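Trainee: work.tsv is reproduced below (TSV, C-alpha atoms).
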```tsv
chain	number	residue	atom	x	y	z
E	1	MET	CA	-81.33	159.52	153.93
E	2	SER	CA	-80.99	163.31	153.90
E	3	ALA	CA	-82.53	164.22	150.54
E	4	ARG	CA	-82.28	167.91	149.65
E	5	ASN	CA	-84.04	170.01	147.04
E	6	HIS	CA	-83.44	173.44	148.61
E	7	TYR	CA	-80.60	175.26	150.35
E	8	SER	CA	-80.93	178.48	152.33
E	9	SER	CA	-78.74	181.45	151.50
E	10	GLY	CA	-75.24	180.87	152.87
E	11	GLU	CA	-75.43	177.09	153.15
E	12	PRO	CA	-72.80	174.98	151.35
E	13	CYS	CA	-74.88	173.43	148.59
E	14	TRP	CA	-72.46	171.85	146.16
E	15	ALA	CA	-68.91	170.63	145.62
E	16	ASP	CA	-67.11	169.68	142.44
E	17	LEU	CA	-63.66	168.48	141.43
E	18	GLN	CA	-61.51	169.97	138.68
E	19	THR	CA	-58.87	167.47	137.59
E	20	ARG	CA	-56.50	166.76	134.72
E	21	ASP	CA	-57.78	163.18	134.29
E	22	VAL	CA	-61.54	162.80	134.63
E	23	ALA	CA	-61.55	159.08	133.83
E	24	ALA	CA	-58.92	158.31	136.50
E	25	ALA	CA	-60.77	160.44	139.07
E	26	LYS	CA	-64.01	158.61	138.32
E	27	ASP	CA	-62.29	155.28	138.92
E	28	PHE	CA	-60.81	156.49	142.22
E	29	TYR	CA	-63.89	158.13	143.73
E	30	GLY	CA	-66.20	155.45	142.40
E	31	LYS	CA	-64.27	152.95	144.51
E	32	VAL	CA	-64.16	155.20	147.61
E	33	PHE	CA	-67.83	156.27	147.60
E	34	GLY	CA	-69.62	153.75	145.38
E	35	TRP	CA	-70.63	156.50	142.96
E	36	THR	CA	-72.00	155.84	139.50
E	37	PHE	CA	-71.44	158.34	136.70
E	38	LYS	CA	-73.02	159.98	133.68
E	39	ASP	CA	-70.71	161.64	131.15
E	40	LEU	CA	-71.77	164.86	129.44
E	41	PRO	CA	-69.99	167.02	126.83
E	42	THR	CA	-68.29	170.34	127.60
E	43	PRO	CA	-68.49	173.24	125.10
E	44	ASP	CA	-64.86	172.63	124.01
E	45	GLY	CA	-65.52	169.01	123.04
E	46	ARG	CA	-64.24	167.32	126.19
E	47	SER	CA	-66.52	165.74	128.80
E	48	TYR	CA	-67.36	166.07	132.46
E	49	SER	CA	-69.03	163.52	134.67
E	50	GLN	CA	-71.95	163.74	137.07
E	51	ALA	CA	-71.61	161.53	140.17
E	52	PHE	CA	-74.64	159.79	141.66
E	53	LEU	CA	-75.63	157.88	144.78
E	54	ASP	CA	-78.38	155.64	143.46
E	55	ASN	CA	-80.23	158.19	141.29
E	56	ASP	CA	-79.30	161.26	143.34
E	57	LEU	CA	-76.75	163.75	141.97
E	58	VAL	CA	-74.06	164.47	144.58
E	59	ALA	CA	-71.00	165.89	142.74
E	60	VAL	CA	-69.35	166.61	139.41
E	61	ILE	CA	-65.88	165.68	138.18
E	62	ALA	CA	-64.77	168.15	135.50
E	63	PRO	CA	-61.64	168.65	133.40
E	64	GLN	CA	-59.26	171.48	134.24
E	65	ASN	CA	-59.23	174.48	131.96
E	66	PRO	CA	-56.29	174.84	129.53
E	67	LEU	CA	-54.44	177.33	131.77
E	68	GLN	CA	-54.62	174.95	134.74
E	69	GLN	CA	-53.43	172.06	132.60
E	70	ALA	CA	-50.52	174.06	131.16
E	71	ALA	CA	-49.46	175.11	134.67
E	72	GLY	CA	-49.56	171.52	135.94
E	73	THR	CA	-52.09	172.45	138.60
E	74	HIS	CA	-53.11	169.60	140.90
E	75	GLY	CA	-56.73	168.50	141.24
E	76	GLN	CA	-58.92	170.85	143.26
E	77	TRP	CA	-62.20	170.41	145.10
E	78	ASN	CA	-64.38	173.53	145.06
E	79	ILE	CA	-67.16	174.48	147.48
E	80	TYR	CA	-70.24	176.55	146.61
E	81	LEU	CA	-72.45	178.59	148.92
E	82	ALA	CA	-76.11	179.02	148.04
E	83	ALA	CA	-77.27	182.56	147.23
E	84	THR	CA	-80.64	184.06	146.40
E	85	ASP	CA	-78.93	186.76	144.28
E	86	ALA	CA	-75.43	185.95	143.01
E	87	GLU	CA	-75.04	189.37	141.41
E	88	GLU	CA	-75.70	191.10	144.74
E	89	VAL	CA	-73.25	188.82	146.56
E	90	ALA	CA	-70.61	189.48	143.90
E	91	GLU	CA	-71.06	193.23	144.29
E	92	ASP	CA	-71.00	193.03	148.08
E	93	ALA	CA	-67.76	191.00	148.00
E	94	THR	CA	-65.69	193.95	146.85
E	95	HIS	CA	-67.35	196.32	149.34
E	96	ALA	CA	-66.59	193.81	152.12
E	97	GLY	CA	-62.86	193.90	151.39
E	98	GLY	CA	-62.66	190.74	149.31
E	99	ASN	CA	-62.22	190.02	145.61
E	100	LEU	CA	-64.57	189.07	142.82
E	101	GLU	CA	-62.63	186.42	140.89
E	102	PHE	CA	-65.23	185.37	138.30
E	103	GLY	CA	-68.73	186.21	137.17
E	104	PRO	CA	-71.49	186.40	137.94
E	105	GLU	CA	-72.34	184.35	134.88
E	106	GLN	CA	-75.51	182.48	134.01
E	107	VAL	CA	-74.92	178.80	133.27
E	108	ALA	CA	-77.73	178.01	130.83
E	109	ASP	CA	-80.88	177.37	132.89
E	110	THR	CA	-79.06	175.61	135.74
E	111	GLY	CA	-78.18	178.73	137.74
E	112	THR	CA	-75.84	181.69	138.12
E	113	LEU	CA	-72.21	181.27	139.17
E	114	ALA	CA	-69.62	183.56	140.72
E	115	PHE	CA	-66.33	183.05	142.53
E	116	VAL	CA	-65.31	185.39	145.34
E	117	ALA	CA	-62.51	185.38	147.91
E	118	PRO	CA	-62.35	186.92	151.39
E	119	PRO	CA	-59.38	189.01	152.59
E	120	GLY	CA	-56.45	186.62	152.89
E	121	GLY	CA	-57.69	184.40	150.05
E	122	GLY	CA	-59.80	181.29	149.72
E	123	THR	CA	-61.70	181.00	146.42
E	124	THR	CA	-65.39	180.43	147.19
E	125	GLY	CA	-68.10	179.47	144.72
E	126	ILE	CA	-71.42	181.33	144.87
E	127	TRP	CA	-74.41	179.52	143.36
E	128	GLN	CA	-77.83	180.97	142.64
E	129	ALA	CA	-79.98	177.98	141.79
E	130	GLY	CA	-81.95	177.59	138.62
E	131	THR	CA	-82.84	174.04	137.67
E	132	HIS	CA	-79.79	172.82	139.62
E	133	THR	CA	-80.30	173.41	143.36
E	134	GLY	CA	-77.18	171.58	144.56
E	135	SER	CA	-76.39	168.15	145.97
E	136	HIS	CA	-79.49	165.98	146.19
E	137	ARG	CA	-78.14	164.41	149.37
E	138	PHE	CA	-76.32	165.99	152.26
E	139	ASN	CA	-74.57	164.84	155.44
E	140	GLU	CA	-74.61	161.15	154.66
E	141	ALA	CA	-72.21	158.55	153.36
E	142	GLY	CA	-71.03	159.48	149.87
E	143	ALA	CA	-72.34	163.05	149.99
E	144	LEU	CA	-71.11	166.51	150.94
E	145	ALA	CA	-71.17	166.84	154.72
E	146	TRP	CA	-69.10	169.87	155.83
E	147	ALA	CA	-66.68	172.56	154.64
E	148	GLU	CA	-64.20	174.77	156.44
E	149	LEU	CA	-61.97	177.60	155.30
E	150	LEU	CA	-58.33	177.51	156.40
E	151	THR	CA	-57.02	181.06	156.24
E	152	PRO	CA	-54.20	183.22	157.63
E	153	GLY	CA	-56.84	185.89	158.40
E	154	PRO	CA	-59.73	184.08	160.10
E	155	GLN	CA	-61.36	187.10	161.73
E	156	ALA	CA	-61.28	189.10	158.49
E	157	ALA	CA	-62.82	186.11	156.68
E	158	VAL	CA	-65.56	185.79	159.31
E	159	ALA	CA	-66.43	189.47	158.95
E	160	PHE	CA	-66.42	189.15	155.15
E	161	PHE	CA	-68.85	186.24	155.05
E	162	GLN	CA	-71.05	187.82	157.71
E	163	GLN	CA	-71.42	190.87	155.49
E	164	LEU	CA	-72.30	188.71	152.49
E	165	PHE	CA	-74.74	186.32	154.15
E	166	GLY	CA	-75.61	187.69	157.59
E	167	TYR	CA	-74.31	184.62	159.41
E	168	GLU	CA	-74.45	184.26	163.15
E	169	VAL	CA	-71.08	183.04	164.44
E	170	THR	CA	-70.03	180.72	167.26
E	171	GLU	CA	-66.42	180.80	168.48
E	172	TYR	CA	-64.69	177.75	169.94
E	173	PRO	CA	-61.41	178.64	171.70
E	174	GLN	CA	-58.55	176.25	170.86
E	175	ASP	CA	-55.67	175.02	173.02
E	176	ASP	CA	-53.16	176.97	170.89
E	177	GLY	CA	-54.87	180.27	171.68
E	178	GLY	CA	-56.69	180.49	168.37
E	179	SER	CA	-60.37	180.05	167.69
E	180	TYR	CA	-62.50	177.81	165.47
E	181	SER	CA	-65.40	179.84	164.11
E	182	THR	CA	-68.60	178.30	162.83
E	183	LEU	CA	-70.98	180.11	160.48
E	184	MET	CA	-74.64	179.58	161.32
E	185	VAL	CA	-77.84	179.70	159.24
E	186	ASN	CA	-81.18	179.51	161.05
E	187	GLY	CA	-79.42	178.33	164.20
E	188	ASP	CA	-77.52	175.51	162.48
E	189	GLU	CA	-73.74	175.39	162.02
E	190	VAL	CA	-73.09	175.11	158.29
E	191	ALA	CA	-69.36	175.80	157.80
E	192	GLY	CA	-66.16	176.51	159.71
E	193	ILE	CA	-63.33	179.02	159.54
E	194	VAL	CA	-60.01	178.11	161.12
E	195	PRO	CA	-56.51	179.65	161.19
E	196	ALA	CA	-54.21	178.17	158.55
E	197	GLU	CA	-50.83	176.76	159.48
E	198	GLU	CA	-48.07	179.34	159.25
E	199	GLY	CA	-46.94	179.72	155.65
E	200	ASP	CA	-49.95	177.89	154.16
E	201	ASP	CA	-52.21	179.51	151.60
E	202	ALA	CA	-55.91	179.99	152.25
E	203	GLY	CA	-58.30	177.38	150.90
E	204	TRP	CA	-61.44	175.41	151.61
E	205	GLN	CA	-61.30	171.90	153.03
E	206	VAL	CA	-64.26	169.89	151.72
E	207	TYR	CA	-65.66	166.92	153.67
E	208	PHE	CA	-67.67	163.99	152.33
E	209	GLY	CA	-69.39	161.50	154.59
E	210	VAL	CA	-68.48	157.83	154.92
E	211	ALA	CA	-70.09	155.03	156.91
E	212	ASP	CA	-66.79	153.38	157.91
E	213	LEU	CA	-63.83	155.76	158.06
E	214	ARG	CA	-61.06	153.16	158.26
E	215	ALA	CA	-62.52	151.11	155.42
E	216	ALA	CA	-62.92	154.21	153.22
E	217	ALA	CA	-59.35	155.32	153.94
E	218	ALA	CA	-58.02	151.85	153.14
E	219	THR	CA	-59.99	151.80	149.88
E	220	ALA	CA	-58.53	155.18	148.93
E	221	VAL	CA	-54.98	153.90	149.46
E	222	ALA	CA	-55.68	150.69	147.54
E	223	ALA	CA	-57.03	152.81	144.66
E	224	GLY	CA	-53.79	154.78	144.44
E	225	GLY	CA	-54.49	157.63	146.85
E	226	GLU	CA	-52.46	158.89	149.77
E	227	LEU	CA	-53.42	159.33	153.42
E	228	LEU	CA	-52.56	162.82	154.65
E	229	VAL	CA	-54.39	162.41	157.97
E	230	GLU	CA	-54.88	158.83	159.10
E	231	PRO	CA	-58.10	157.76	160.80
E	232	GLU	CA	-58.18	156.91	164.48
E	233	ASP	CA	-57.93	153.27	165.50
E	234	HIS	CA	-61.55	153.30	166.66
E	235	PRO	CA	-63.43	155.99	164.73
E	236	GLU	CA	-66.72	157.34	166.00
E	237	GLU	CA	-69.36	159.66	164.60
E	238	GLY	CA	-67.54	162.79	163.45
E	239	SER	CA	-64.07	161.21	163.22
E	240	LEU	CA	-61.94	162.53	160.36
E	241	SER	CA	-59.35	161.50	157.81
E	242	THR	CA	-57.86	163.35	154.84
E	243	ILE	CA	-56.90	161.79	151.52
E	244	ARG	CA	-55.15	162.93	148.35
E	245	ASP	CA	-56.27	161.39	145.09
E	246	PRO	CA	-53.80	160.32	142.37
E	247	GLN	CA	-54.23	163.68	140.56
E	248	GLY	CA	-53.48	165.68	143.73
E	249	GLY	CA	-57.01	166.56	144.79
E	250	VAL	CA	-57.32	166.76	148.58
E	251	LEU	CA	-60.56	165.72	150.28
E	252	SER	CA	-61.48	165.01	153.87
E	253	LEU	CA	-63.69	162.14	155.02
E	254	ILE	CA	-65.99	162.34	158.03
E	255	GLN	CA	-67.67	159.35	159.62
E	256	ILE	CA	-71.41	159.86	159.49
E	257	THR	CA	-72.62	156.61	160.99
E	258	SER	CA	-70.67	154.30	163.27
E	259	PRO	CA	-69.91	150.94	161.61
E	260	LYS	CA	-71.51	147.89	163.20
```
Would it be possible to restate this file's structure as structure tokens?
Mentor:
Amino acid sequence: MSARNHYSSGEPCWADLQTRDVAAAKDFYGKVFGWTFKDLPTPDGRSYSQAFLDNDLVAVIAPQNPLQQAAGTHGQWNIYLAATDAEEVAEDATHAGGNLEFGPEQVADTGTLAFVAPPGGGTTGIWQAGTHTGSHRFNEAGALAWAELLTPGPQAAVAFFQQLFGYEVTEYPQDDGGSYSTLMVNGDEVAGIVPAEEGDDAGWQVYFGVADLRAAAATAVAAGGELLVEPEDHPEEGSLSTIRDPQGGVLSLIQITSPK
């Protein structure tokens, strides 16, 4: 088990889902990951739900805001990068050629939140921890395991995040002539940046771990989801699949341990 109570600046530390139907999303993801839930009230009288593996908090499923609901926006997984000073990161975002989309705003005693976007787009949560440090587990079945930004401007995005967090970067040339960039903290790869398909908008792809990729994908389909990227016939450590939940939220699965 990879228990976590601290994340270094620049590490993905948290992911949450905004959806139009919290109860339906709980049913779906509870089946896929074996999560249990605790419902809590929102300031406007609705409720959001904390998701747990055993007693460890790993995600939140929250209702969309009224503007998202009115627009018929599909469900959306968000990724958050840890920051020691969210206000400084928010200020640096504009100087680095990106946009400050929200905040920074203190969220009671849990932490300080901002949303920024690099040139080319890709809304990115920034989280300065208070009492809430992030996911209590990482890189294991049922928990956040990886995140990558798909963007039409990968090099501009790399430069943007380097300016914000001082990442080291490793480039992996691809067969199509492009490059897969990984952002590194203390020598460890923590996130990826990859060219988006032509015509696609920028956005983060969030990955949660599973112990048996084919079984998890089959469970997702049986629970009313859709397979966007099917798993291989014989998945191994690191094999991938992508699912869409019944409210339109897209999430990728990555096999963490090979099934016996």
Trainee: Measure the distance from atom CA of Tyr7 of chain E to atom CA of Val250 of chain E in Å and round it to one decimal.
Mentor: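 Between atom CA of Tyr7 of chain E and atom CA of Val250 of chain E the gap is 24.8 Å.
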Trainee: Fewer than 4 positions away in the same chain doesn't count, so skip those; otherwise give me all residues within 8 Å of segment 125-133 of chain E, counting only C-alpha atoms, as a list in words.
Mentor: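 Selected residues are Asn5, His6, Tyr7, Cys13, Asn78, Ile79, Tyr80, Leu81, Ala82, Ala83, Thr84, Asp85, Ala86, Val89, Asp109, Thr110, Gly111, Thr112, Leu113, Ala114, Phe115 and Val116 of chain E.
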Trainee: Using all atoms listed in the file, find the one residue out of E:Asn186, E:Gln255, E:Thr170, E:Ser181 that sits nearest to Val210 of chain E.
Mentor: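 Going through E:Asn186, E:Gln255, E:Thr170, E:Ser181 one by one, the smallest distance to Val210 of chain E is for E:Gln255.
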Trainee: If you count only C-alpha atoms, which residues fall within 6 Å of Thr19 of chain E, apart from same-chain ones fewer than 2 positions away, as a VMD selection string?
Mentor: chain E and resid 21 63 to 64 75
Trainee: Have a look at E:Phe138, E:Thr94, E:Ala3, E:Pro12 and name the one nearest to Val185 of chain E; count all atoms listed in the file.
Mentor: E:Pro12
Trainee: In Å, with one decimal, what is the gap from atom CA of Asp212 of chain E to atom CA of Asp245 of chain E?
Mentor: 18.4 Å
Trainee: Pick out the closest residue to Ala24 of chain E from this set: E:Leu228, E:Leu183, E:Ala62, E:Leu213. Count all atoms listed in the file.
Mentor: E:Ala62
Trainee: So, with all atoms listed in the file as the atoms that count, which of E:Ser241, E:Thr182, E:Gln247, E:Gln155 lies closest to Tyr167 of chain E?
Mentor: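 For Tyr167 of chain E, the nearest of the candidates is E:Thr182.
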Trainee: Given the choices E:Gln106, E:Ser9, E:Thr42, E:Ser135, which gets closest to Leu57 of chain E if the distance is worked out from only C-alpha atoms?
Mentor: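 Using only C-alpha atoms, Leu57 of chain E sits closest to E:Ser135.
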Trainee: Rank E:Leu17, E:Gly97, E:Leu253, E:Pro66 by their smallest atom-to-atom distance to Gln163 of chain E, using only C-alpha atoms, and report the top residue only.
Mentor: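 Among the listed residues, E:Gly97 lies closest to Gln163 of chain E.
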Trainee: Could you name the residues that touch Ala222 of chain E at 12 Å or less, counting only C-alpha atoms, but leaving out those on the same chain fewer than 6 positions away, as a PyMOL selection string?
Mentor: chain E and resi 27-29+31-32+215-216+243+245-246
Trainee: Taking 2 positions as the minimum chain separation for residues in the same chain, which residues sit within 6 Å of Asp16 of chain E when counting only C-alpha atoms? Answer as a ChimeraX atom specification.
Mentor: /E:59-61,77-78
Trainee: Please report the interatomic distance between atom CA of Gly177 of chain E and atom CA of Ala117 of chain E in Å with one decimal.
Mentor: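 For atom CA of Gly177 of chain E relative to atom CA of Ala117 of chain E, the distance reads 25.5 Å.
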Trainee: Report as a PyMOL selection string all protein, DNA and RNA residues lying within 9 Å of segment 142-152 of chain E, evaluated on only C-alpha atoms, omitting residues in the same chain fewer than 5 positions from it.
Mentor: chain E and resi 12-15+32-35+52-53+58-59+79+120-122+135-137+157+182+190-211+253-254+256
Trainee: Convert the current residue selection to file output with C-alpha atoms, as a PDB file, in the coordinates of the input.
Mentor:
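What follows is the written file selection09.pdb:
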```pdb
ATOM      1  CA  PRO E  12     -72.800 174.980 151.350  1.00  0.00           C
ATOM      2  CA  CYS E  13     -74.880 173.430 148.590  1.00  0.00           C
ATOM      3  CA  TRP E  14     -72.460 171.850 146.160  1.00  0.00           C
ATOM      4  CA  ALA E  15     -68.910 170.630 145.620  1.00  0.00           C
ATOM      5  CA  VAL E  32     -64.160 155.200 147.610  1.00  0.00           C
ATOM      6  CA  PHE E  33     -67.830 156.270 147.600  1.00  0.00           C
ATOM      7  CA  GLY E  34     -69.620 153.750 145.380  1.00  0.00           C
ATOM      8  CA  TRP E  35     -70.630 156.500 142.960  1.00  0.00           C
ATOM      9  CA  PHE E  52     -74.640 159.790 141.660  1.00  0.00           C
ATOM     10  CA  LEU E  53     -75.630 157.880 144.780  1.00  0.00           C
ATOM     11  CA  VAL E  58     -74.060 164.470 144.580  1.00  0.00           C
ATOM     12  CA  ALA E  59     -71.000 165.890 142.740  1.00  0.00           C
ATOM     13  CA  ILE E  79     -67.160 174.480 147.480  1.00  0.00           C
ATOM     14  CA  GLY E 120     -56.450 186.620 152.890  1.00  0.00           C
ATOM     15  CA  GLY E 121     -57.690 184.400 150.050  1.00  0.00           C
ATOM     16  CA  GLY E 122     -59.800 181.290 149.720  1.00  0.00           C
ATOM     17  CA  SER E 135     -76.390 168.150 145.970  1.00  0.00           C
ATOM     18  CA  HIS E 136     -79.490 165.980 146.190  1.00  0.00           C
ATOM     19  CA  ARG E 137     -78.140 164.410 149.370  1.00  0.00           C
ATOM     20  CA  ALA E 157     -62.820 186.110 156.680  1.00  0.00           C
ATOM     21  CA  THR E 182     -68.600 178.300 162.830  1.00  0.00           C
ATOM     22  CA  VAL E 190     -73.090 175.110 158.290  1.00  0.00           C
ATOM     23  CA  ALA E 191     -69.360 175.800 157.800  1.00  0.00           C
ATOM     24  CA  GLY E 192     -66.160 176.510 159.710  1.00  0.00           C
ATOM     25  CA  ILE E 193     -63.330 179.020 159.540  1.00  0.00           C
ATOM     26  CA  VAL E 194     -60.010 178.110 161.120  1.00  0.00           C
ATOM     27  CA  PRO E 195     -56.510 179.650 161.190  1.00  0.00           C
ATOM     28  CA  ALA E 196     -54.210 178.170 158.550  1.00  0.00           C
ATOM     29  CA  GLU E 197     -50.830 176.760 159.480  1.00  0.00           C
ATOM     30  CA  GLU E 198     -48.070 179.340 159.250  1.00  0.00           C
ATOM     31  CA  GLY E 199     -46.940 179.720 155.650  1.00  0.00           C
ATOM     32  CA  ASP E 200     -49.950 177.890 154.160  1.00  0.00           C
ATOM     33  CA  ASP E 201     -52.210 179.510 151.600  1.00  0.00           C
ATOM     34  CA  ALA E 202     -55.910 179.990 152.250  1.00  0.00           C
ATOM     35  CA  GLY E 203     -58.300 177.380 150.900  1.00  0.00           C
ATOM     36  CA  TRP E 204     -61.440 175.410 151.610  1.00  0.00           C
ATOM     37  CA  GLN E 205     -61.300 171.900 153.030  1.00  0.00           C
ATOM     38  CA  VAL E 206     -64.260 169.890 151.720  1.00  0.00           C
ATOM     39  CA  TYR E 207     -65.660 166.920 153.670  1.00  0.00           C
ATOM     40  CA  PHE E 208     -67.670 163.990 152.330  1.00  0.00           C
ATOM     41  CA  GLY E 209     -69.390 161.500 154.590  1.00  0.00           C
ATOM     42  CA  VAL E 210     -68.480 157.830 154.920  1.00  0.00           C
ATOM     43  CA  ALA E 211     -70.090 155.030 156.910  1.00  0.00           C
ATOM     44  CA  LEU E 253     -63.690 162.140 155.020  1.00  0.00           C
ATOM     45  CA  ILE E 254     -65.990 162.340 158.030  1.00  0.00           C
ATOM     46  CA  ILE E 256     -71.410 159.860 159.490  1.00  0.00           C
TER      47      ILE E 256
END
```
Trainee: What box, with edges along x, y and z, holds each listed atom of segment 161-174 of chain E when 3 Å is added on every side, and can you state its centre and edge lengths in Å to one decimal, as JSON?
Mentor:
```
{"center_x": -67.1, "center_y": 183.6, "center_z": 162.1, "size_x": 23.1, "size_y": 20.6, "size_z": 25.2}
```
